[in-house]
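These notes concern the structure reproduced below.
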Number of protein chains: 2
Amino acid sequence: MPTQQKIRDTEAANRGSASRREILDAAARLFLKNGYGDTSLRELANEVGMKAGSLYYHFASKEQLATEVLGIGVKGVAEAVSARLDDAGGGASPSQRVSIAIRAHLDAILNDSGYTSAHIRCFPYTPANVQAQLRAVRRDYEDIWTGLIDDLLGPRRNEDDARYLRLAVLGALNWSLEWFDPERDSAETFAATVERLILGAEIPGQAG
Amino acid sequence: MPTQQKIRDTEAANRGSASRREILDAAARLFLKNGYGDTSLRELANEVGMKAGSLYYHFASKEQLATEVLGIGVKGVAEAVSARLDDAGGGASPSQRVSIAIRAHLDAILNDSGYTSAHIRCFPYTPANVQAQLRAVRRDYEDIWTGLIDDLLGPRRNEDDARYLRLAVLGALNWSLEWFDPERDSAETFAATVERLILGAEIPGQAG
DNA sequence: TAGTCTAACTAACAATTGTTAGTTCGCGTC
DNA sequence: GACGCGAACTAACAATTGTTAGTTAGACTA
């Protein structure tokens, strides 16, 4: 590689370059709508008013672009949930904390910028390379929920029960991407439904 | 189109042609693994030991192939659920019927031939054409669950509650495709968790 | 044996893909 | 005014895509 392109360092992309964020925004939108494989760089470039080749000034490859978009998505929902839990303060009960997390997660999926939804919908179809690079951030977010559920079930909980409860709730929430219609549906009503499900369920070895 | 290819009628494909079913099987497998857009006809052909062009003897287009695969998927799970409900007979309570349906649906996703899982994972990324053609069969299956939930909640149910309960449960089940690991997980234990969620939830306007 | 049908094949097509190299234009700084 | 740099451009590349036309080999049937 004789004349290597100058690629801006991914993490230290603080300075200006308004269009870089525009590209990421548009990429999130297209990834959400079309999936990873069916989003072409020409379509993306066209969306932000440039040509495909120009994207390579900002990103080293499609994979790196996707990694960045999906990374913002997980970090975004993790921060949103954490923030609202912090707002609730130390006095909140485990049940209340779960309620808060449900609403924050749903809000991030349905109302936020699209990065989180893009992550949820695209991640499984992303190249192994991308998935590997996202493992750590995904794990961070997973840990938040593991903690919430552990607190809810208490010290006498069963390991598998906690895992399946967490996956069931997140599944119910994430799946809303496939059917939620802002014209018809209410995020709050759905959140209340999921909340009733998890808080109303009897935990084996817990009752009586 | 002077020399139109002889395409066997889709529905009346009863006679022999073992390899037609082989193609469908392989397509379901690849669609599940790679998604619709990232499954190439050459890869599919290679999987069944022929060349890409030869597939067009059996199917008019990639879209038609996908329509057929995903159609088998929905019909399969609908029939599986119906059959097990029928087995239970008229004496089964609404709760019992929901339990049965949960297990039948999960079984179709996790253990069956792959058509149903391919449908669940691929449908959203499929061309509009394909989605339109699958609308009716999808609706048929949806109706089964609507009936189950309606019976569970009873005549005093709220319309939205029923809808969101159904979507939450199916979401929890369908999402298992993203995490279920046969080495680690137990479908029965997860089914029991989801069952506890839905049967343990207090229904508003129902209690007291 | 001649004719027809099944089921594949080969070879190419136009389009699209991610990617790269080299160029250009404008803006600020010496 | 010359220089350097950020940020785009053009034009092409090799590969891959769905798809089609025409061909071929084998098996059944008259």
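Ligands are numbered from 1 in the order shown, chains are lettered A, B, ... in the order of the structure tokens, and residues start at 1 in each chain.
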
Practice prompt. Would you please extract all alpha helix (DSSP H) residues from chain B, as assigned by DSSP on the backbone, and give them as a ChimeraX atom specification?
Written response: /B:18-34,41-47,55-58,62-88,94-110,115-122,128-153,159-174,187-200

Could you please take those selected residues and save C-alpha atoms as a tab-separated table (two decimals), in the first residue's frame?
chain	number	residue	atom	x	y	z
B	18	ALA	CA	-36.49	-35.44	-4.90
B	19	SER	CA	-34.03	-32.71	-5.57
B	20	ARG	CA	-36.67	-30.02	-5.54
B	21	ARG	CA	-37.23	-30.64	-1.88
B	22	GLU	CA	-33.48	-30.83	-1.40
B	23	ILE	CA	-33.17	-27.37	-2.87
B	24	LEU	CA	-35.85	-26.04	-0.57
B	25	ASP	CA	-34.19	-27.65	2.42
B	26	ALA	CA	-30.83	-26.16	1.58
B	27	ALA	CA	-32.38	-22.78	0.86
B	28	ALA	CA	-34.08	-22.76	4.26
B	29	ARG	CA	-30.76	-23.62	5.88
B	30	LEU	CA	-28.89	-20.86	4.04
B	31	PHE	CA	-31.60	-18.25	4.48
B	32	LEU	CA	-31.55	-18.97	8.19
B	33	LYS	CA	-27.80	-18.69	8.39
B	34	ASN	CA	-27.09	-15.80	6.02
B	41	LEU	CA	-27.95	-18.76	-5.87
B	42	ARG	CA	-24.49	-20.07	-6.66
B	43	GLU	CA	-23.90	-20.90	-3.03
B	44	LEU	CA	-27.28	-22.59	-2.87
B	45	ALA	CA	-26.65	-24.53	-6.06
B	46	ASN	CA	-23.27	-25.62	-4.81
B	47	GLU	CA	-24.88	-26.87	-1.63
B	55	LEU	CA	-32.09	-23.89	-10.20
B	56	TYR	CA	-34.22	-22.08	-12.74
B	57	TYR	CA	-35.56	-25.35	-13.92
B	58	HIS	CA	-37.27	-25.73	-10.56
B	62	LYS	CA	-35.05	-16.20	-6.30
B	63	GLU	CA	-38.11	-14.40	-5.02
B	64	GLN	CA	-40.37	-17.30	-5.86
B	65	LEU	CA	-37.98	-19.69	-4.15
B	66	ALA	CA	-37.95	-17.53	-1.05
B	67	THR	CA	-41.74	-17.22	-1.07
B	68	GLU	CA	-42.02	-20.98	-1.16
B	69	VAL	CA	-39.48	-21.57	1.60
B	70	LEU	CA	-40.95	-19.00	3.94
B	71	GLY	CA	-44.47	-20.15	3.13
B	72	ILE	CA	-43.62	-23.69	4.17
B	73	GLY	CA	-42.22	-22.18	7.35
B	74	VAL	CA	-45.41	-20.46	8.49
B	75	LYS	CA	-47.69	-23.24	7.37
B	76	GLY	CA	-45.48	-25.70	9.23
B	77	VAL	CA	-45.66	-23.97	12.57
B	78	ALA	CA	-49.37	-23.28	12.15
B	79	GLU	CA	-50.05	-26.93	11.49
B	80	ALA	CA	-47.83	-28.08	14.33
B	81	VAL	CA	-49.55	-25.82	16.82
B	82	SER	CA	-53.02	-26.71	15.56
B	83	ALA	CA	-52.26	-30.41	15.68
B	84	ARG	CA	-51.12	-30.34	19.28
B	85	LEU	CA	-54.11	-28.27	20.28
B	86	ASP	CA	-56.36	-30.80	18.62
B	87	ASP	CA	-54.60	-33.61	20.43
B	88	ALA	CA	-55.42	-31.92	23.72
B	94	PRO	CA	-57.42	-21.80	28.03
B	95	SER	CA	-54.30	-21.83	30.21
B	96	GLN	CA	-53.46	-25.35	29.17
B	97	ARG	CA	-53.99	-24.50	25.53
B	98	VAL	CA	-51.60	-21.57	25.79
B	99	SER	CA	-48.99	-23.81	27.40
B	100	ILE	CA	-49.33	-26.26	24.57
B	101	ALA	CA	-49.02	-23.58	21.92
B	102	ILE	CA	-45.92	-22.11	23.54
B	103	ARG	CA	-44.18	-25.46	23.43
B	104	ALA	CA	-45.30	-26.27	19.92
B	105	HIS	CA	-44.14	-22.90	18.60
B	106	LEU	CA	-40.79	-23.14	20.34
B	107	ASP	CA	-40.32	-26.67	19.10
B	108	ALA	CA	-40.99	-25.60	15.52
B	109	ILE	CA	-38.42	-22.85	15.83
B	110	LEU	CA	-35.67	-24.73	17.56
B	115	TYR	CA	-38.23	-23.51	7.43
B	116	THR	CA	-39.98	-21.82	10.31
B	117	SER	CA	-36.79	-20.34	11.71
B	118	ALA	CA	-35.82	-19.15	8.25
B	119	HIS	CA	-39.16	-17.44	7.96
B	120	ILE	CA	-38.84	-15.68	11.29
B	121	ARG	CA	-35.34	-14.44	10.65
B	122	CYS	CA	-35.63	-13.54	6.97
B	128	ALA	CA	-41.95	-6.34	-0.79
B	129	ASN	CA	-43.19	-8.73	-3.41
B	130	VAL	CA	-42.43	-11.75	-1.25
B	131	GLN	CA	-43.89	-10.17	1.86
B	132	ALA	CA	-47.13	-9.41	0.06
B	133	GLN	CA	-47.52	-12.98	-1.08
B	134	LEU	CA	-47.01	-14.27	2.44
B	135	ARG	CA	-49.52	-11.94	4.04
B	136	ALA	CA	-52.40	-14.38	4.02
B	137	VAL	CA	-50.60	-17.38	5.55
B	138	ARG	CA	-49.03	-15.18	8.18
B	139	ARG	CA	-52.42	-13.85	9.04
B	140	ASP	CA	-53.78	-17.36	9.41
B	141	TYR	CA	-51.17	-18.19	12.01
B	142	GLU	CA	-51.65	-14.90	13.79
B	143	ASP	CA	-55.34	-15.70	14.13
B	144	ILE	CA	-54.58	-18.88	16.03
B	145	TRP	CA	-52.76	-16.94	18.69
B	146	THR	CA	-55.31	-14.18	18.81
B	147	GLY	CA	-57.92	-16.83	19.58
B	148	LEU	CA	-55.79	-18.42	22.28
B	149	ILE	CA	-55.16	-15.13	24.03
B	150	ASP	CA	-58.76	-14.03	23.75
B	151	ASP	CA	-59.89	-17.23	25.42
B	152	LEU	CA	-57.28	-16.82	28.13
B	153	LEU	CA	-58.30	-13.29	28.99
B	159	GLU	CA	-58.40	-5.18	22.93
B	160	ASP	CA	-54.95	-3.61	23.28
B	161	ASP	CA	-53.97	-5.77	26.24
B	162	ALA	CA	-54.70	-8.89	24.23
B	163	ARG	CA	-52.67	-7.65	21.28
B	164	TYR	CA	-49.67	-6.65	23.34
B	165	LEU	CA	-49.75	-9.82	25.36
B	166	ARG	CA	-49.70	-11.87	22.18
B	167	LEU	CA	-46.88	-9.86	20.67
B	168	ALA	CA	-44.84	-9.98	23.86
B	169	VAL	CA	-45.09	-13.75	24.13
B	170	LEU	CA	-44.33	-14.39	20.48
B	171	GLY	CA	-41.48	-11.92	20.68
B	172	ALA	CA	-39.98	-13.70	23.65
B	173	LEU	CA	-40.23	-17.01	21.83
B	174	ASN	CA	-39.00	-15.82	18.43
B	187	ALA	CA	-36.11	-25.58	25.33
B	188	GLU	CA	-38.42	-27.02	27.97
B	189	THR	CA	-36.99	-24.86	30.74
B	190	PHE	CA	-37.30	-21.76	28.62
B	191	ALA	CA	-40.84	-22.71	27.64
B	192	ALA	CA	-41.69	-23.08	31.31
B	193	THR	CA	-40.33	-19.60	31.97
B	194	VAL	CA	-42.45	-18.03	29.25
B	195	GLU	CA	-45.45	-19.99	30.42
B	196	ARG	CA	-45.01	-18.68	33.95
B	197	LEU	CA	-44.77	-15.17	32.58
B	198	ILE	CA	-48.01	-15.23	30.69
B	199	LEU	CA	-50.05	-17.31	33.09
B	200	GLY	CA	-48.77	-15.53	36.16

Taking only C-alpha atoms (C1' of nucleotides) into account, produce a table as JSON lines in which each residue of chain C with an atom at most 10 Å from an atom of chain B appears once, together with its shortest atom pair and the distance in Å to one decimal, ordered by chain and rising number.
{"residue": "C:DT6", "atom": "C1'", "partner": "B:Ser17", "partner_atom": "CA", "distance": 9.5}
{"residue": "C:DA7", "atom": "C1'", "partner": "B:Tyr57", "partner_atom": "CA", "distance": 7.7}
{"residue": "C:DA8", "atom": "C1'", "partner": "B:Ser54", "partner_atom": "CA", "distance": 6.3}
{"residue": "C:DC9", "atom": "C1'", "partner": "B:Ser54", "partner_atom": "CA", "distance": 7.6}
{"residue": "C:DT10", "atom": "C1'", "partner": "B:Gly53", "partner_atom": "CA", "distance": 9.4}

Saved selection, atoms kept: N, CA and C atoms (P, O5', C5', C4', C3', O3' and C1' of nucleotides), as a PDB file, in the first residue's frame:
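Once everything was written out, this is selection-v2.pdb:
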ATOM      1  P    DT C   6     -41.656 -33.317 -18.383  1.00  0.00           P
ATOM      2  O5'  DT C   6     -40.291 -33.757 -17.691  1.00  0.00           O
ATOM      3  C5'  DT C   6     -40.125 -35.111 -17.279  1.00  0.00           C
ATOM      4  C4'  DT C   6     -38.737 -35.293 -16.687  1.00  0.00           C
ATOM      5  C3'  DT C   6     -38.331 -34.191 -15.706  1.00  0.00           C
ATOM      6  O3'  DT C   6     -37.764 -34.808 -14.565  1.00  0.00           O
ATOM      7  C1'  DT C   6     -36.699 -34.417 -17.409  1.00  0.00           C
ATOM      8  P    DA C   7     -37.567 -33.967 -13.241  1.00  0.00           P
ATOM      9  O5'  DA C   7     -36.040 -33.545 -13.396  1.00  0.00           O
ATOM     10  C5'  DA C   7     -35.058 -34.566 -13.500  1.00  0.00           C
ATOM     11  C4'  DA C   7     -33.752 -33.955 -13.933  1.00  0.00           C
ATOM     12  C3'  DA C   7     -33.370 -32.687 -13.159  1.00  0.00           C
ATOM     13  O3'  DA C   7     -32.122 -32.903 -12.533  1.00  0.00           O
ATOM     14  C1'  DA C   7     -33.017 -32.414 -15.467  1.00  0.00           C
ATOM     15  P    DA C   8     -31.713 -31.956 -11.290  1.00  0.00           P
ATOM     16  O5'  DA C   8     -30.582 -31.043 -11.954  1.00  0.00           O
ATOM     17  C5'  DA C   8     -29.313 -31.544 -12.052  1.00  0.00           C
ATOM     18  C4'  DA C   8     -28.775 -31.465 -13.477  1.00  0.00           C
ATOM     19  C3'  DA C   8     -27.830 -30.315 -13.763  1.00  0.00           C
ATOM     20  O3'  DA C   8     -26.574 -30.549 -13.167  1.00  0.00           O
ATOM     21  C1'  DA C   8     -29.150 -30.900 -15.666  1.00  0.00           C
ATOM     22  P    DC C   9     -25.616 -29.369 -12.909  1.00  0.00           P
ATOM     23  O5'  DC C   9     -25.021 -29.071 -14.370  1.00  0.00           O
ATOM     24  C5'  DC C   9     -24.390 -30.118 -15.084  1.00  0.00           C
ATOM     25  C4'  DC C   9     -24.094 -29.663 -16.516  1.00  0.00           C
ATOM     26  C3'  DC C   9     -23.289 -28.371 -16.578  1.00  0.00           C
ATOM     27  O3'  DC C   9     -21.924 -28.683 -16.780  1.00  0.00           O
ATOM     28  C1'  DC C   9     -25.181 -28.311 -18.073  1.00  0.00           C
ATOM     29  P    DT C  10     -20.853 -27.587 -16.462  1.00  0.00           P
ATOM     30  O5'  DT C  10     -20.809 -26.672 -17.760  1.00  0.00           O
ATOM     31  C5'  DT C  10     -20.723 -27.268 -19.049  1.00  0.00           C
ATOM     32  C4'  DT C  10     -20.825 -26.184 -20.122  1.00  0.00           C
ATOM     33  C3'  DT C  10     -19.928 -24.968 -19.872  1.00  0.00           C
ATOM     34  O3'  DT C  10     -19.267 -24.661 -21.094  1.00  0.00           O
ATOM     35  C1'  DT C  10     -22.190 -24.267 -20.134  1.00  0.00           C
TER      36       DT C  10
END

Discussion item. For a test of reading the model, state the distance in Å between C1' of DA21 in chain D and CA of Asp38 in chain A, rounded to one decimal.
Written reply: 28.9 Å

Discussion item. Report, in Å with one decimal, the straight-line distance from C1' of DT10 in chain D to CA of Gly35 in chain A.
Written reply: 28.8 Å

Discussion item. Counting only C-alpha atoms, which residue out of A:Pro127, A:Gly49, A:Gly89, A:Gly37 sits closest to chain B?
Written reply: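 Among the listed residues, A:Gly37 lies closest to chain B.
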